[in-house]
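What follows is the content of model.txt (compact mmCIF, C-alpha atoms and all ligand atoms).
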```txt
# COMPACT_ATOMS: atom_id res chain seq x y z
CA MET A 28 134.02 75.25 65.90
CA ALA A 29 136.83 75.47 68.35
CA ILE A 30 137.56 76.55 71.87
CA LEU A 31 140.13 79.31 71.75
CA LYS A 32 142.89 80.02 74.23
CA ILE A 33 142.07 83.02 76.42
CA LEU A 34 145.03 85.32 77.09
CA GLN A 35 145.79 85.67 80.77
CA TYR A 36 146.73 88.96 82.41
CA PRO A 37 149.45 90.31 82.51
CA ASP A 38 149.94 89.13 78.91
CA GLU A 39 151.03 92.17 76.88
CA ARG A 40 148.80 91.22 73.98
CA LEU A 41 145.81 92.25 76.13
CA HIS A 42 147.01 95.82 75.63
CA LYS A 43 146.79 95.83 71.84
CA VAL A 44 144.20 98.14 70.34
CA ALA A 45 141.75 96.34 68.03
CA ALA A 46 141.13 97.54 64.48
CA PRO A 47 137.64 98.06 63.06
CA VAL A 48 136.17 95.21 61.03
CA SER A 49 135.92 96.35 57.43
CA ALA A 50 133.75 93.56 56.04
CA ILE A 51 131.80 90.59 57.41
CA THR A 52 133.82 87.77 55.91
CA ASP A 53 133.68 84.02 56.54
CA GLU A 54 136.62 84.57 58.83
CA ILE A 55 134.55 86.90 61.02
CA HIS A 56 131.70 84.35 61.12
CA VAL A 57 134.12 81.66 62.28
CA LEU A 58 135.69 84.01 64.81
CA VAL A 59 132.28 84.84 66.31
CA GLN A 60 131.31 81.16 66.46
CA ASN A 61 134.55 80.22 68.16
CA MET A 62 134.39 83.17 70.57
CA THR A 63 130.82 82.22 71.49
CA GLU A 64 131.77 78.62 72.12
CA THR A 65 134.80 79.72 74.15
CA MET A 66 132.73 82.13 76.27
CA TYR A 67 130.09 79.50 77.08
CA ALA A 68 132.69 76.82 77.79
CA ALA A 69 134.42 79.16 80.24
CA ALA A 70 131.06 80.11 81.83
CA GLY A 71 131.74 83.78 81.04
CA ILE A 72 129.17 86.47 80.30
CA GLY A 73 131.27 88.28 77.71
CA LEU A 74 134.35 87.93 75.59
CA ALA A 75 136.27 90.38 73.41
CA ALA A 76 138.32 89.27 70.38
CA THR A 77 141.39 90.84 72.04
CA GLN A 78 141.18 88.14 74.71
CA VAL A 79 141.66 85.41 72.13
CA ASP A 80 144.50 87.36 70.48
CA VAL A 81 142.49 88.57 67.50
CA HIS A 82 142.77 92.34 67.34
CA GLN A 83 139.54 93.27 65.62
CA ARG A 84 136.54 95.07 67.09
CA VAL A 85 134.29 92.09 67.88
CA ILE A 86 132.59 91.19 71.17
CA VAL A 87 130.10 88.53 72.23
CA ILE A 88 127.92 88.82 75.34
CA ASP A 89 125.27 86.74 77.05
CA VAL A 90 124.23 87.93 80.51
CA SER A 91 121.10 85.74 80.65
CA GLU A 92 120.78 83.01 83.27
CA THR A 93 119.51 80.66 80.60
CA ARG A 94 122.61 81.21 78.41
CA ASP A 95 120.51 81.58 75.29
CA GLN A 96 120.55 85.33 74.62
CA LEU A 97 123.67 85.89 72.64
CA HIS A 98 124.56 89.41 71.51
CA VAL A 99 127.23 89.99 68.90
CA PHE A 100 128.65 93.50 68.52
CA ILE A 101 130.96 94.32 65.65
CA ASN A 102 132.60 97.77 65.67
CA PRO A 103 130.59 98.81 68.76
CA GLU A 104 130.34 102.49 69.70
CA ILE A 105 128.71 104.00 72.75
CA ILE A 106 126.49 106.80 71.49
CA ALA A 107 124.93 107.84 74.82
CA SER A 108 125.51 107.06 78.45
CA GLU A 109 124.11 108.19 81.78
CA GLY A 110 124.05 107.37 85.46
CA GLU A 111 126.64 105.66 87.56
CA PHE A 112 126.78 102.09 88.70
CA ASP A 113 129.44 100.02 90.33
CA TYR A 114 129.57 96.33 90.11
CA GLN A 115 131.99 93.68 91.30
CA GLU A 116 133.52 92.76 87.95
CA GLY A 117 135.47 89.70 86.95
CA CYS A 118 137.19 88.73 83.71
CA LEU A 119 138.14 85.48 82.00
CA SER A 120 141.61 86.98 81.46
CA VAL A 121 142.00 87.77 85.17
CA PRO A 122 140.64 84.63 86.82
CA GLY A 123 139.67 84.68 90.46
CA ILE A 124 139.88 88.47 90.82
CA PHE A 125 136.70 90.44 91.46
CA GLU A 126 136.76 94.19 91.98
CA LYS A 127 134.25 97.04 91.86
CA VAL A 128 134.53 99.42 88.93
CA LYS A 129 132.48 102.58 88.35
CA ARG A 130 130.69 102.58 85.00
CA ALA A 131 127.72 104.27 83.34
CA GLU A 132 124.45 102.60 84.35
CA ASN A 133 122.60 103.12 81.07
CA ILE A 134 124.13 103.20 77.63
CA SER A 135 123.09 103.22 74.01
CA VAL A 136 125.30 101.32 71.64
CA ARG A 137 125.56 101.31 67.88
CA ALA A 138 127.19 98.30 66.26
CA MET A 139 127.10 96.04 63.24
CA ASN A 140 125.62 92.53 63.30
CA LEU A 141 126.80 89.47 61.40
CA ASN A 142 124.68 90.48 58.40
CA GLY A 143 126.64 93.70 58.17
CA ASP A 144 123.63 95.77 59.28
CA LEU A 145 123.95 98.59 61.80
CA PHE A 146 121.72 98.39 64.86
CA GLU A 147 121.23 100.41 68.01
CA LEU A 148 120.51 98.98 71.40
CA ASP A 149 119.87 100.35 74.91
CA ALA A 150 121.39 98.48 77.81
CA SER A 151 121.34 98.97 81.56
CA SER A 152 122.90 97.56 84.73
CA LEU A 153 124.75 94.26 84.25
CA PHE A 154 124.33 94.23 80.46
CA ALA A 155 125.59 97.82 80.21
CA ILE A 156 128.52 97.06 82.52
CA CYS A 157 129.46 94.03 80.47
CA ILE A 158 129.40 95.95 77.17
CA GLN A 159 131.63 98.68 78.65
CA HIS A 160 134.01 96.06 80.08
CA GLU A 161 134.32 94.24 76.74
CA MET A 162 134.71 97.49 74.78
CA ASP A 163 137.60 98.40 77.09
CA HIS A 164 139.31 95.15 76.05
CA LEU A 165 139.13 96.31 72.42
CA MET A 166 141.01 99.45 73.51
CA GLY A 167 143.64 97.32 75.23
CA LYS A 168 142.32 98.03 78.71
CA VAL A 169 141.72 95.42 81.42
CA PHE A 170 139.25 96.27 84.22
CA ILE A 171 141.81 96.11 87.02
CA GLU A 172 143.55 99.10 85.42
CA TYR A 173 140.84 101.23 87.06
CA LEU A 174 142.22 100.25 90.47
CA SER A 175 145.06 101.88 92.41
CA GLN A 176 148.65 101.11 91.32
CA LEU A 177 149.19 99.25 94.58
CA LYS A 178 146.19 96.98 94.02
CA GLN A 179 147.24 96.39 90.42
CA SER A 180 150.75 95.33 91.35
CA ARG A 181 149.37 93.00 94.04
CA ILE A 182 147.07 91.40 91.49
CA ARG A 183 149.91 91.10 88.96
CA SER A 184 152.20 89.28 91.39
CA LYS A 185 149.37 87.04 92.55
CA LEU A 186 148.54 86.03 88.96
CA ARG A 187 152.21 85.62 87.97
CA LYS A 188 152.76 83.34 90.95
CA ARG A 189 149.67 81.33 90.09
CA GLN A 190 150.82 80.98 86.45
CA ARG A 191 154.27 79.81 87.65
CA ASP A 192 152.71 77.30 90.03
CA ALA A 193 150.49 75.97 87.28
CA LYS A 194 153.53 75.37 85.07
CA SER A 195 155.64 73.54 87.65
NI NI B 201 137.22 90.84 80.58
```
Can you dump the structure from the file as structure tokens?
Ligand code: NI
Amino acid sequence: MAILKILQYPDERLHKVAAPVSAITDEIHVLVQNMTETMYAAAGIGLAATQVDVHQRVIVIDVSETRDQLHVFINPEIIASEGEFDYQEGCLSVPGIFEKVKRAENISVRAMNLNGDLFELDASSLFAICIQHEMDHLMGKVFIEYLSQLKQSRIRSKLRKRQRDAKS
């Protein structure tokens, strides 16, 4: 297993659209293992393959306090959603920035697991928010893109400055 490098906004590769996984190969197993290890090491609650520069529709999520309830979604699709919920979101690709985003409160998702079987799952509140946030990554969308242009450009310059400072 390996800890993968997480792309940092405003890296352009975060805007690539992920392709569906066509078969559960050894490569996908390794990807999921590495993504899981990377998410836990970074103390995150979710990670999309896009964030580690692999542009395939794979996400891992664990919103439990005990960090032992891993969910793997391959080719996830939202098949129903209702309600509205806003939550102060953060992202491993946008460190130190937390902003409220409006999402559906309850969703039903259909996805494939690592055995290649389709499953459906209902999620609400934080779990539902997290799934929607990670699925956005697969579409090349980062959560701060829901904010005003002004806020986005402030965040971009803040992060660019921080990345420059870290290099020098
Ligand atoms: Ni994120």
- Query: Mind listing the residues within 6 Å of ligand NI 201 (chain B), all atoms listed in the file counted, as a PyMOL selection string?
  - Reply: chain A and resi 118-120+161
- Find the spatial neighbours of Ser49 (chain A), counting only C-alpha atoms, within a cut-off of 10 Å - ignore same-chain residues fewer than 2 positions away - and output them as a PyMOL selection string. chain A and resi 46-47+51-52+83-84+101-102+143
Residue subset to file, keeping C-alpha atoms, as a PDB file, in the coordinates of the input:
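The new file out25.pdb reads:
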```pdb
ATOM      1  CA  ALA A  46     141.130  97.540  64.480  1.00  0.00           C
ATOM      2  CA  PRO A  47     137.640  98.060  63.060  1.00  0.00           C
ATOM      3  CA  ILE A  51     131.800  90.590  57.410  1.00  0.00           C
ATOM      4  CA  THR A  52     133.820  87.770  55.910  1.00  0.00           C
ATOM      5  CA  GLN A  83     139.540  93.270  65.620  1.00  0.00           C
ATOM      6  CA  ARG A  84     136.540  95.070  67.090  1.00  0.00           C
ATOM      7  CA  ILE A 101     130.960  94.320  65.650  1.00  0.00           C
ATOM      8  CA  ASN A 102     132.600  97.770  65.670  1.00  0.00           C
ATOM      9  CA  GLY A 143     126.640  93.700  58.170  1.00  0.00           C
TER      10      GLY A 143
END
```
- CA of Ile88 (chain A) to CA of Asp113 (chain A), straight-line distance in Å: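 About the pair CA of Asp113 (chain A) and CA of Ile88 (chain A): they are 18.8 Å apart.
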- Task: Give the answer as one residue: which of A:Ala75, A:Leu165, A:Val85, A:Val44 has the shortest atom-to-atom distance to Phe100 (chain A), using only C-alpha atoms?
- Result: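 The closest residue to Phe100 (chain A) is A:Val85.
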- Please identify all polymer residues within 8 Å of Glu132 (chain A), counting all atoms listed in the file, omitting same-chain residues fewer than 2 positions from it, and present them as a PyMOL selection string. chain A and resi 108-112+130+134+151-152+155-156
Non-local contacts of Met66 (chain A) (9 Å; all atoms listed in the file; under 6 positions in same chain excluded) as a PDB file with C-alpha atoms, in the frame of the given file:
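Done, and the output landed in part-v9.pdb:
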```pdb
ATOM      1  CA  ILE A  30     137.560  76.550  71.870  1.00  0.00           C
ATOM      2  CA  ILE A  72     129.170  86.470  80.300  1.00  0.00           C
ATOM      3  CA  GLY A  73     131.270  88.280  77.710  1.00  0.00           C
ATOM      4  CA  LEU A  74     134.350  87.930  75.590  1.00  0.00           C
ATOM      5  CA  VAL A  87     130.100  88.530  72.230  1.00  0.00           C
ATOM      6  CA  ILE A  88     127.920  88.820  75.340  1.00  0.00           C
ATOM      7  CA  ASP A  89     125.270  86.740  77.050  1.00  0.00           C
ATOM      8  CA  LEU A 119     138.140  85.480  82.000  1.00  0.00           C
TER       9      LEU A 119
END
```
- Query: Using only C-alpha atoms, which of A:Ile86, A:Phe146, A:Tyr36, A:Val128 sits nearest Ser180 (chain A)?
  - Reply: A:Tyr36
- Task: Would you be able to write out as a list in words which residues have an atom within 12 Å of (120.9, 83.7, 84.4) in the file's coordinates, counting only C-alpha atoms?
- Result: Ala70, Gly71, Ile72, Asp89, Val90, Ser91, Glu92, Thr93, Arg94, Asp95, Gln96, Leu153 and Phe154 of chain A
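Once Ser135 (chain A) and its same-chain neighbours fewer than 4 positions away are set aside, Ile105, Ile106, Ala107, Ser108, Glu147, Leu148, Asp149 and Ala150 of chain A remain within 8 Å of it when counting only C-alpha atoms.
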- Query: For the atom pair CA of Glu64 (chain A) and CA of Leu34 (chain A), what is the interatomic distance in Å to one decimal place?
  - Reply: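 Result for CA of Glu64 (chain A) versus CA of Leu34 (chain A): 15.7 Å, one decimal.
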